[in-house]
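Source file work29.json; content: JSON, C-alpha atoms and all ligand atoms.
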[["chain", "number", "residue", "atom", "x", "y", "z"],
["A", 13, "MET", "CA", 14.13, -1.49, -13.36],
["A", 14, "GLY", "CA", 17.41, 0.38, -13.48],
["A", 15, "VAL", "CA", 19.10, 3.64, -14.37],
["A", 16, "ASP", "CA", 17.46, 3.67, -17.83],
["A", 17, "GLN", "CA", 13.97, 3.30, -16.34],
["A", 18, "LEU", "CA", 14.65, 6.26, -14.11],
["A", 19, "ARG", "CA", 16.08, 8.30, -16.99],
["A", 20, "ALA", "CA", 12.86, 7.77, -18.93],
["A", 21, "TRP", "CA", 10.84, 9.11, -15.99],
["A", 22, "ILE", "CA", 12.78, 12.29, -15.04],
["A", 23, "PRO", "CA", 12.72, 15.57, -16.99],
["A", 24, "ALA", "CA", 15.25, 15.69, -19.83],
["A", 25, "GLY", "CA", 18.04, 18.21, -19.34],
["A", 26, "GLY", "CA", 17.28, 18.75, -15.65],
["A", 27, "VAL", "CA", 19.42, 18.49, -12.55],
["A", 28, "GLU", "CA", 18.17, 14.93, -11.95],
["A", 29, "GLU", "CA", 19.49, 13.80, -15.31],
["A", 30, "ALA", "CA", 22.89, 15.37, -14.61],
["A", 31, "LEU", "CA", 23.05, 13.58, -11.24],
["A", 32, "LEU", "CA", 21.92, 10.29, -12.76],
["A", 33, "GLY", "CA", 24.77, 10.61, -15.26],
["A", 34, "GLN", "CA", 27.23, 10.61, -12.35],
["A", 35, "ILE", "CA", 25.87, 7.38, -10.85],
["A", 36, "VAL", "CA", 27.71, 4.11, -11.50],
["A", 37, "PRO", "CA", 24.88, 1.58, -12.01],
["A", 38, "GLU", "CA", 27.00, -1.38, -10.87],
["A", 39, "ARG", "CA", 27.68, 0.25, -7.51],
["A", 40, "LEU", "CA", 24.25, 1.29, -6.37],
["A", 41, "PRO", "CA", 23.46, 0.86, -2.68],
["A", 42, "ARG", "CA", 21.31, -2.25, -2.31],
["A", 43, "HIS", "CA", 19.39, -0.87, 0.65],
["A", 44, "VAL", "CA", 18.66, 2.79, 1.39],
["A", 45, "ALA", "CA", 17.06, 3.72, 4.73],
["A", 46, "ILE", "CA", 15.63, 7.18, 5.37],
["A", 47, "ILE", "CA", 14.78, 9.04, 8.58],
["A", 48, "MET", "CA", 12.06, 11.33, 7.26],
["A", 49, "ASP", "CA", 12.37, 14.36, 9.51],
["A", 50, "GLY", "CA", 11.44, 18.04, 9.51],
["A", 51, "ASN", "CA", 7.72, 17.99, 8.68],
["A", 52, "GLY", "CA", 6.87, 20.13, 11.72],
["A", 53, "ARG", "CA", 9.53, 22.72, 10.89],
["A", 54, "TRP", "CA", 8.44, 22.82, 7.25],
["A", 55, "ALA", "CA", 4.90, 23.66, 8.40],
["A", 56, "ALA", "CA", 6.05, 26.15, 11.05],
["A", 57, "SER", "CA", 8.11, 28.05, 8.47],
["A", 58, "ARG", "CA", 4.86, 28.55, 6.54],
["A", 59, "HIS", "CA", 2.82, 29.43, 9.64],
["A", 60, "LEU", "CA", 0.84, 26.23, 9.18],
["A", 61, "PRO", "CA", -0.11, 23.60, 11.78],
["A", 62, "ARG", "CA", 2.43, 20.74, 12.12],
["A", 63, "VAL", "CA", 0.07, 18.23, 10.53],
["A", 64, "GLU", "CA", 0.22, 20.15, 7.24],
["A", 65, "GLY", "CA", 3.89, 19.20, 7.13],
["A", 66, "HIS", "CA", 2.94, 15.53, 7.47],
["A", 67, "ARG", "CA", 0.36, 15.94, 4.71],
["A", 68, "ALA", "CA", 2.94, 17.53, 2.41],
["A", 69, "GLY", "CA", 5.43, 14.78, 3.29],
["A", 70, "ILE", "CA", 3.24, 12.20, 1.56],
["A", 71, "ASP", "CA", 4.27, 13.61, -1.84],
["A", 72, "SER", "CA", 7.92, 13.10, -0.85],
["A", 73, "VAL", "CA", 7.14, 9.49, 0.08],
["A", 74, "ARG", "CA", 5.52, 8.88, -3.31],
["A", 75, "ASP", "CA", 8.40, 10.46, -5.21],
["A", 76, "THR", "CA", 11.04, 8.61, -3.18],
["A", 77, "VAL", "CA", 9.35, 5.21, -3.54],
["A", 78, "GLU", "CA", 8.98, 5.56, -7.29],
["A", 79, "THR", "CA", 12.50, 6.94, -7.78],
["A", 80, "SER", "CA", 14.00, 4.12, -5.71],
["A", 81, "ALA", "CA", 12.07, 1.39, -7.53],
["A", 82, "ARG", "CA", 12.99, 2.77, -10.94],
["A", 83, "LEU", "CA", 16.62, 3.24, -9.97],
["A", 84, "GLY", "CA", 16.68, -0.44, -9.09],
["A", 85, "LEU", "CA", 17.28, -0.47, -5.34],
["A", 86, "ASP", "CA", 16.65, -3.83, -3.69],
["A", 87, "VAL", "CA", 15.29, -2.34, -0.47],
["A", 88, "LEU", "CA", 13.98, 1.06, 0.63],
["A", 89, "THR", "CA", 13.12, 1.55, 4.31],
["A", 90, "LEU", "CA", 11.28, 4.69, 5.46],
["A", 91, "TYR", "CA", 11.03, 5.60, 9.15],
["A", 92, "ALA", "CA", 7.47, 6.85, 9.55],
["A", 93, "PHE", "CA", 6.59, 6.47, 13.23],
["A", 94, "SER", "CA", 8.85, 5.59, 16.15],
["A", 95, "VAL", "CA", 7.90, 3.92, 19.43],
["A", 96, "GLU", "CA", 8.78, 7.28, 21.00],
["A", 97, "ASN", "CA", 6.40, 9.24, 18.72],
["A", 98, "TRP", "CA", 3.44, 8.29, 20.96],
["A", 99, "LYS", "CA", 4.67, 11.16, 23.17],
["A", 100, "ARG", "CA", 3.19, 13.58, 20.63],
["A", 101, "PRO", "CA", -0.27, 15.13, 21.04],
["A", 102, "ALA", "CA", -3.06, 12.58, 20.36],
["A", 103, "THR", "CA", -4.45, 14.71, 17.53],
["A", 104, "GLU", "CA", -1.10, 14.69, 15.70],
["A", 105, "VAL", "CA", -0.81, 10.92, 16.12],
["A", 106, "SER", "CA", -4.31, 10.43, 14.81],
["A", 107, "VAL", "CA", -3.66, 12.60, 11.73],
["A", 108, "LEU", "CA", -0.51, 10.56, 11.04],
["A", 109, "MET", "CA", -2.51, 7.32, 11.25],
["A", 110, "GLY", "CA", -5.17, 8.77, 8.93],
["A", 111, "LEU", "CA", -2.53, 9.82, 6.40],
["A", 112, "LEU", "CA", -1.02, 6.37, 6.49],
["A", 113, "ARG", "CA", -4.39, 4.78, 5.72],
["A", 114, "ARG", "CA", -4.99, 7.20, 2.89],
["A", 115, "TYR", "CA", -1.54, 6.56, 1.48],
["A", 116, "LEU", "CA", -2.14, 2.80, 1.49],
["A", 117, "LYS", "CA", -5.51, 3.17, -0.18],
["A", 118, "LEU", "CA", -4.29, 5.53, -2.90],
["A", 119, "GLU", "CA", -0.88, 4.00, -3.54],
["A", 120, "LEU", "CA", -1.55, 0.29, -3.54],
["A", 121, "ASP", "CA", -2.10, 0.32, -7.29],
["A", 122, "THR", "CA", 1.21, 2.14, -7.85],
["A", 123, "LEU", "CA", 2.99, -0.41, -5.67],
["A", 124, "LEU", "CA", 1.45, -3.25, -7.67],
["A", 125, "ARG", "CA", 2.21, -1.58, -11.01],
["A", 126, "ASN", "CA", 5.86, -1.12, -10.02],
["A", 127, "ASN", "CA", 6.19, -4.71, -8.74],
["A", 128, "ILE", "CA", 7.00, -3.39, -5.24],
["A", 129, "ARG", "CA", 6.69, -5.65, -2.20],
["A", 130, "PHE", "CA", 5.43, -3.75, 0.82],
["A", 131, "THR", "CA", 6.21, -4.64, 4.46],
["A", 132, "ALA", "CA", 5.57, -2.90, 7.77],
["A", 133, "ILE", "CA", 8.40, -3.30, 10.27],
["A", 134, "GLY", "CA", 8.14, -2.51, 13.97],
["A", 135, "ARG", "CA", 5.27, -3.40, 16.26],
["A", 136, "PRO", "CA", 2.41, -2.58, 13.85],
["A", 137, "ASN", "CA", 0.06, -4.85, 15.81],
["A", 138, "GLU", "CA", -0.03, -2.14, 18.51],
["A", 139, "LEU", "CA", -1.37, 0.45, 16.04],
["A", 140, "PRO", "CA", -5.13, 1.16, 15.80],
["A", 141, "THR", "CA", -6.85, -2.03, 14.56],
["A", 142, "GLU", "CA", -8.06, -0.60, 11.26],
["A", 143, "VAL", "CA", -4.55, 0.66, 10.43],
["A", 144, "TYR", "CA", -3.06, -2.71, 11.30],
["A", 145, "HIS", "CA", -5.54, -4.54, 9.10],
["A", 146, "GLU", "CA", -4.88, -2.28, 6.15],
["A", 147, "LEU", "CA", -1.15, -2.85, 6.57],
["A", 148, "LEU", "CA", -1.71, -6.60, 6.58],
["A", 149, "GLU", "CA", -3.83, -6.31, 3.46],
["A", 150, "ALA", "CA", -1.19, -4.23, 1.63],
["A", 151, "GLU", "CA", 1.45, -6.79, 2.64],
["A", 152, "ALA", "CA", -0.69, -9.66, 1.43],
["A", 153, "ARG", "CA", -1.62, -8.03, -1.88],
["A", 154, "THR", "CA", 2.02, -7.21, -2.71],
["A", 155, "SER", "CA", 3.55, -10.39, -1.26],
["A", 156, "ARG", "CA", 4.16, -12.01, -4.65],
["A", 157, "ASN", "CA", 5.88, -8.95, -6.11],
["A", 158, "THR", "CA", 9.49, -9.57, -6.98],
["A", 159, "GLY", "CA", 10.82, -6.03, -7.40],
["A", 160, "MET", "CA", 11.94, -3.58, -4.73],
["A", 161, "ARG", "CA", 11.13, -4.32, -1.11],
["A", 162, "PHE", "CA", 9.57, -1.26, 0.53],
["A", 163, "ASN", "CA", 9.68, -1.38, 4.32],
["A", 164, "ILE", "CA", 7.80, 1.19, 6.30],
["A", 165, "ALA", "CA", 8.95, 1.42, 9.92],
["A", 166, "LEU", "CA", 5.88, 1.97, 12.08],
["A", 167, "ASN", "CA", 5.75, 1.92, 15.84],
["A", 168, "TYR", "CA", 9.38, 1.03, 15.29],
["A", 169, "GLY", "CA", 12.25, 1.19, 17.77],
["A", 170, "GLY", "CA", 15.73, -0.20, 17.19],
["A", 171, "ARG", "CA", 16.06, -1.36, 20.78],
["A", 172, "ALA", "CA", 12.55, -2.83, 20.74],
["A", 173, "GLU", "CA", 13.51, -4.75, 17.59],
["A", 174, "ILE", "CA", 16.59, -6.24, 19.28],
["A", 175, "VAL", "CA", 14.51, -7.24, 22.32],
["A", 176, "ASP", "CA", 11.84, -8.75, 20.04],
["A", 177, "ALA", "CA", 14.52, -10.68, 18.16],
["A", 178, "ALA", "CA", 16.00, -12.02, 21.40],
["A", 179, "ARG", "CA", 12.57, -13.13, 22.56],
["A", 180, "ARG", "CA", 11.83, -14.86, 19.26],
["A", 181, "ALA", "CA", 15.19, -16.61, 19.24],
["A", 182, "ILE", "CA", 14.55, -17.89, 22.77],
["A", 183, "GLU", "CA", 11.01, -19.00, 21.84],
["A", 184, "ALA", "CA", 12.42, -20.82, 18.79],
["A", 185, "GLY", "CA", 14.73, -22.75, 21.12],
["A", 186, "VAL", "CA", 17.99, -21.38, 19.67],
["A", 187, "SER", "CA", 20.78, -22.65, 21.91],
["A", 188, "PRO", "CA", 23.27, -20.08, 23.29],
["A", 189, "SER", "CA", 26.18, -21.87, 21.64],
["A", 190, "SER", "CA", 24.59, -21.73, 18.16],
["A", 191, "LEU", "CA", 23.71, -18.03, 18.43],
["A", 192, "ASP", "CA", 25.95, -15.77, 16.38],
["A", 193, "GLU", "CA", 25.42, -12.49, 14.51],
["A", 194, "SER", "CA", 24.08, -14.08, 11.38],
["A", 195, "ARG", "CA", 21.69, -16.39, 13.26],
["A", 196, "PHE", "CA", 20.48, -13.45, 15.37],
["A", 197, "GLY", "CA", 19.79, -11.50, 12.18],
["A", 198, "GLU", "CA", 17.21, -14.14, 11.22],
["A", 199, "TYR", "CA", 14.99, -12.94, 14.08],
["A", 200, "LEU", "CA", 15.13, -9.24, 13.22],
["A", 201, "TYR", "CA", 12.21, -7.57, 11.42],
["A", 202, "THR", "CA", 14.48, -7.29, 8.37],
["A", 203, "ALA", "CA", 15.41, -10.98, 8.26],
["A", 204, "GLY", "CA", 16.62, -12.01, 4.83],
["A", 205, "GLN", "CA", 17.24, -8.44, 3.67],
["A", 206, "PRO", "CA", 20.64, -6.82, 3.16],
["A", 207, "ASP", "CA", 21.66, -4.23, 5.77],
["A", 208, "PRO", "CA", 21.30, -0.57, 4.72],
["A", 209, "ASP", "CA", 24.30, 0.66, 2.75],
["A", 210, "LEU", "CA", 23.13, 4.25, 2.90],
["A", 211, "LEU", "CA", 21.26, 5.97, 5.74],
["A", 212, "ILE", "CA", 19.74, 9.36, 4.88],
["A", 213, "ARG", "CA", 18.38, 11.83, 7.41],
["A", 214, "THR", "CA", 16.59, 14.99, 6.38],
["A", 215, "SER", "CA", 16.33, 18.30, 8.29],
["A", 216, "GLY", "CA", 19.96, 18.40, 9.40],
["A", 217, "GLU", "CA", 19.74, 16.46, 12.67],
["A", 218, "MET", "CA", 22.89, 14.47, 13.40],
["A", 219, "ARG", "CA", 21.30, 11.58, 15.25],
["A", 220, "VAL", "CA", 19.98, 8.11, 14.67],
["A", 221, "SER", "CA", 16.83, 8.34, 16.84],
["A", 222, "ASN", "CA", 16.59, 4.60, 17.56],
["A", 223, "PHE", "CA", 16.45, 3.56, 13.88],
["A", 224, "LEU", "CA", 17.77, 0.18, 12.68],
["A", 225, "LEU", "CA", 20.45, 0.16, 15.38],
["A", 226, "TRP", "CA", 21.67, -3.35, 14.57],
["A", 227, "GLN", "CA", 21.52, -3.03, 10.78],
["A", 228, "ILE", "CA", 23.32, 0.32, 10.35],
["A", 229, "ALA", "CA", 26.58, -0.95, 11.86],
["A", 230, "TYR", "CA", 28.44, -0.07, 8.64],
["A", 231, "ALA", "CA", 25.92, 2.12, 6.79],
["A", 232, "GLU", "CA", 27.22, 5.30, 5.18],
["A", 233, "ILE", "CA", 25.35, 8.25, 6.71],
["A", 234, "TRP", "CA", 24.23, 11.24, 4.63],
["A", 235, "VAL", "CA", 22.46, 14.15, 6.30],
["A", 236, "THR", "CA", 20.76, 16.93, 4.34],
["A", 237, "ASP", "CA", 19.32, 20.20, 5.62],
["A", 238, "THR", "CA", 16.40, 19.72, 3.23],
["A", 239, "LEU", "CA", 13.19, 19.20, 5.20],
["A", 240, "TRP", "CA", 11.28, 16.01, 4.39],
["A", 241, "PRO", "CA", 8.35, 17.69, 2.55],
["A", 242, "ASP", "CA", 10.90, 19.27, 0.16],
["A", 243, "PHE", "CA", 12.77, 15.99, -0.44],
["A", 244, "ARG", "CA", 12.52, 14.75, -4.03],
["A", 245, "CYS", "CA", 14.24, 12.52, -6.60],
["A", 246, "GLN", "CA", 17.04, 15.08, -6.93],
["A", 247, "HIS", "CA", 17.98, 14.76, -3.24],
["A", 248, "LEU", "CA", 17.97, 10.97, -3.34],
["A", 249, "LEU", "CA", 20.26, 11.06, -6.36],
["A", 250, "GLU", "CA", 22.56, 13.55, -4.58],
["A", 251, "ALA", "CA", 22.79, 11.10, -1.68],
["A", 252, "VAL", "CA", 23.64, 8.19, -4.00],
["A", 253, "VAL", "CA", 26.32, 10.25, -5.77],
["A", 254, "ALA", "CA", 27.85, 11.15, -2.38],
["A", 255, "TYR", "CA", 27.61, 7.50, -1.28],
["A", 256, "GLN", "CA", 29.53, 6.33, -4.34],
["A", 257, "LYS", "CA", 32.42, 8.63, -3.42],
["A", 258, "ARG", "CA", 32.81, 7.07, 0.02],
["A", 259, "ASP", "CA", 35.53, 4.57, 0.81],
["A", 260, "ARG", "CA", 33.82, 1.77, 2.72],
["A", 261, "ARG", "CA", 36.49, 0.12, 4.80],
["A", 262, "TYR", "CA", 34.58, -2.08, 7.25],
["A", 263, "GLY", "CA", 37.45, -1.73, 9.68],
["A", 264, "GLY", "CA", 40.06, -2.58, 7.04],
["A", 265, "ILE", "CA", 42.48, -0.24, 5.35],
["A", 266, "ALA", "CA", 41.83, 2.48, 2.78],
["A", 267, "THR", "CA", 41.61, 1.43, -0.84],
["A", 268, "ALA", "CA", 43.29, 3.60, -3.48],
["A", 269, "PRO", "CA", 41.19, 6.76, -4.10],
["A", 270, "ALA", "CA", 40.78, 5.88, -7.80],
["A", 271, "VAL", "CA", 39.33, 2.48, -6.90],
["A", 272, "ALA", "CA", 37.04, 4.05, -4.28],
["A", 273, "ALA", "CA", 35.66, 6.48, -6.87],
["A", 274, "GLY", "CA", 34.91, 3.60, -9.24],
["A", 275, "VAL", "CA", 37.53, 4.69, -11.81],
["A", 276, "LYS", "CA", 39.06, 1.79, -13.70],
["B", 301, "LIG", "C1", 9.02, 13.77, 10.86],
["B", 301, "LIG", "O1", 8.79, 15.13, 11.04],
["B", 301, "LIG", "C2", 7.74, 12.97, 10.88],
["B", 301, "LIG", "C3", 7.61, 12.09, 12.04],
["B", 301, "LIG", "C4", 8.48, 11.90, 12.98],
["B", 301, "LIG", "C5", 6.37, 11.34, 12.14],
["B", 301, "LIG", "P1", 8.64, 15.76, 12.48],
["B", 301, "LIG", "O2", 7.20, 15.74, 12.86],
["B", 301, "LIG", "O3", 9.54, 15.10, 13.45],
["B", 301, "LIG", "O4", 9.09, 17.25, 12.20],
["B", 301, "LIG", "P2", 10.03, 18.15, 13.10],
["B", 301, "LIG", "O5", 11.26, 17.37, 13.39],
["B", 301, "LIG", "O6", 9.27, 18.47, 14.35],
["B", 301, "LIG", "O7", 10.30, 19.35, 12.26],
["B", 302, "LIG", "C1", 12.64, 10.29, 13.98],
["B", 302, "LIG", "O1", 12.19, 11.59, 13.99],
["B", 302, "LIG", "C2", 11.46, 9.37, 13.84],
["B", 302, "LIG", "C3", 10.84, 9.34, 12.53],
["B", 302, "LIG", "C4", 11.28, 9.94, 11.47],
["B", 302, "LIG", "C5", 9.65, 8.55, 12.46],
["B", 302, "LIG", "P1", 11.87, 12.36, 15.36],
["B", 302, "LIG", "O2", 11.53, 13.74, 15.00],
["B", 302, "LIG", "O3", 10.86, 11.59, 16.14],
["B", 302, "LIG", "O4", 13.26, 12.24, 16.12],
["B", 302, "LIG", "P2", 13.91, 13.15, 17.25],
["B", 302, "LIG", "O5", 12.88, 13.29, 18.35],
["B", 302, "LIG", "O6", 14.20, 14.48, 16.61],
["B", 302, "LIG", "O7", 15.15, 12.44, 17.66],
["B", 303, "MG", "MG", 11.44, 15.45, 14.05]]

What would the structure in this file look like if it were written as structure tokens?
Ligand code: IPE
Ligand code: IPE
Ligand code: MG
Amino acid sequence: MGVDQLRAWIPAGGVEEALLGQIVPERLPRHVAIIMDGNGRWAASRHLPRVEGHRAGIDSVRDTVETSARLGLDVLTLYAFSVENWKRPATEVSVLMGLLRRYLKLELDTLLRNNIRFTAIGRPNELPTEVYHELLEAEARTSRNTGMRFNIALNYGGRAEIVDAARRAIEAGVSPSSLDESRFGEYLYTAGQPDPDLLIRTSGEMRVSNFLLWQIAYAEIWVTDTLWPDFRCQHLLEAVVAYQKRDRRYGGIATAPAVAAGVK
């Protein structure tokens, strides 16, 4: 997988190809995390029920997963259902669960074909039993894949994750004196994975909504007004192009602008 694989997949002469031409393959983000937001507003703008926005959002998930795998990202994390989303009407929650099951059923072959390893992060064990079992099955069937890691955050909360990690560290008998940031990271849901370099949020909201609170400490944030059901390859590439123009300082000092832009 890599820029050439993606070039072979996108339309020749289109906006995607022009964006891809601006991307420096050596400086891709390793991990991209996305807060998929705006399904309800997408539906409302078409005088449709909110759930139609969720249904339409599945096509964006498919496109984003395949684009990311072909581009050669190491990790893609999609925020699909937060611990706070249980506050929504029961019918909406149940449609979301149904869509998730359908996605898993229909897309497992694509995940296998693209060598993608699938993982659910969050507290998926608290989801309806049949959903949980299908998640476990998708994880098991893709567990030997060596390509992109695709995390789906389900019944996920950033604070819940930190509490879960603390509990697991205590249960494992980690002594207070040996606990540091890197050790603590081993008990997070994303243990062993690089932190997100790029955090994308759709629908224009400037907030983090309890997503990957620990891991996004130094993520570059890119917000687009595009609503999730309209999000496609083009938007992901726009985000990567913008990311590559950022000067990541990690608390240090600015590097020369030419170096930051990848110009030799
Ligand atoms: C994101 O779209 C999907 C989920 C949170 C499950 P929303 O349903 O939040 O859509 P808006 O924000 O109300 O438009
Ligand atoms: C964030 O979207 C959660 C997911 C994308 C799953 P929300 O729509 O739930 O977030 P808020 O309520 O606008 O902060
Ligand atoms: Mg929302």

Padding 6 Å on every side, please: axis-aligned box over the listed atoms of ligand LIG 302 (chain B), centre and edge lengths to one decimal in Å, as lines of an AutoDock Vina configuration file.
center_x = 12.4
center_y = 11.5
center_z = 14.9
size_x = 17.5
size_y = 17.9
size_z = 18.9

Query raised in the report: Which value, in Å to one decimal, gives the distance between atom O6 of ligand LIG 302 (chain B) and atom CA of A:Ser221?
Result: 6.7 Å

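Taking all atoms listed in the file into account, the protein and nucleic acid residues that come at most 8 Å from ligand LIG 301 (chain B) are Ile47, Met48, Asp49, Gly50, Asn51, Gly52, Arg53, Trp54, Ala55, Arg62, Val63, Gly65, His66, Tyr91, Ala92, Phe93, Ser94, Asn97, Leu108, Ser215, Leu239 and Trp240 of chain A.
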
Query - Spatial neighbours of A:Ser106, max dist 12 Å, only C-alpha atoms, sep filter under 4 positions, as JSON, numbers by chain - result: {"A": [63, 66, 93, 97, 98, 100, 101, 102, 110, 111, 112, 113, 139, 140, 143]}

Can you pull out the residues contacting A:Leu148? Cut-off 10 Å, using all atoms listed in the file, and skip same-chain residues under 6 positions away; I want them as a short mmCIF file (atom, residue, chain, number, x, y, z; two decimals) with C-alpha atoms, in the frame of the given file.
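Contents of out28.cif, as written:
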data_model
loop_
_atom_site.label_atom_id
_atom_site.label_comp_id
_atom_site.auth_asym_id
_atom_site.auth_seq_id
_atom_site.Cartn_x
_atom_site.Cartn_y
_atom_site.Cartn_z
CA PHE A 130 5.43 -3.75 0.82
CA THR A 131 6.21 -4.64 4.46
CA ALA A 132 5.57 -2.90 7.77
CA PRO A 136 2.41 -2.58 13.85
CA ASN A 137 0.06 -4.85 15.81
CA GLU A 142 -8.06 -0.60 11.26
#

Report task. Could you pull out every residue with an atom within 10 Å of (4.1, 1.4, -4.3), file coordinates, counting only C-alpha atoms, and send them as an MDAnalysis selection string? Result -> chainID A and resid 73:74 77:78 81 115:116 118:130 150 154 160:162

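Between atom CA of A:Leu211 and atom CA of A:Arg135 there is a distance of 21.3 Å.
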
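For the residues A:Asp86, A:Asp75, A:Glu217, A:Glu151, ranking by smallest atom-to-atom distance to ligand LIG 302 (chain B) using only C-alpha atoms and all ligand atoms places A:Glu217 first.
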
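In this comparison, which uses all atoms listed in the file, the residue of A:Arg19, A:Arg39, A:Arg219, A:Arg67 approaching A:Arg258 most closely is A:Arg39.
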
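We find atom CA of A:Gly159 and atom CA of A:Asp16 to be spaced 15.7 Å apart.
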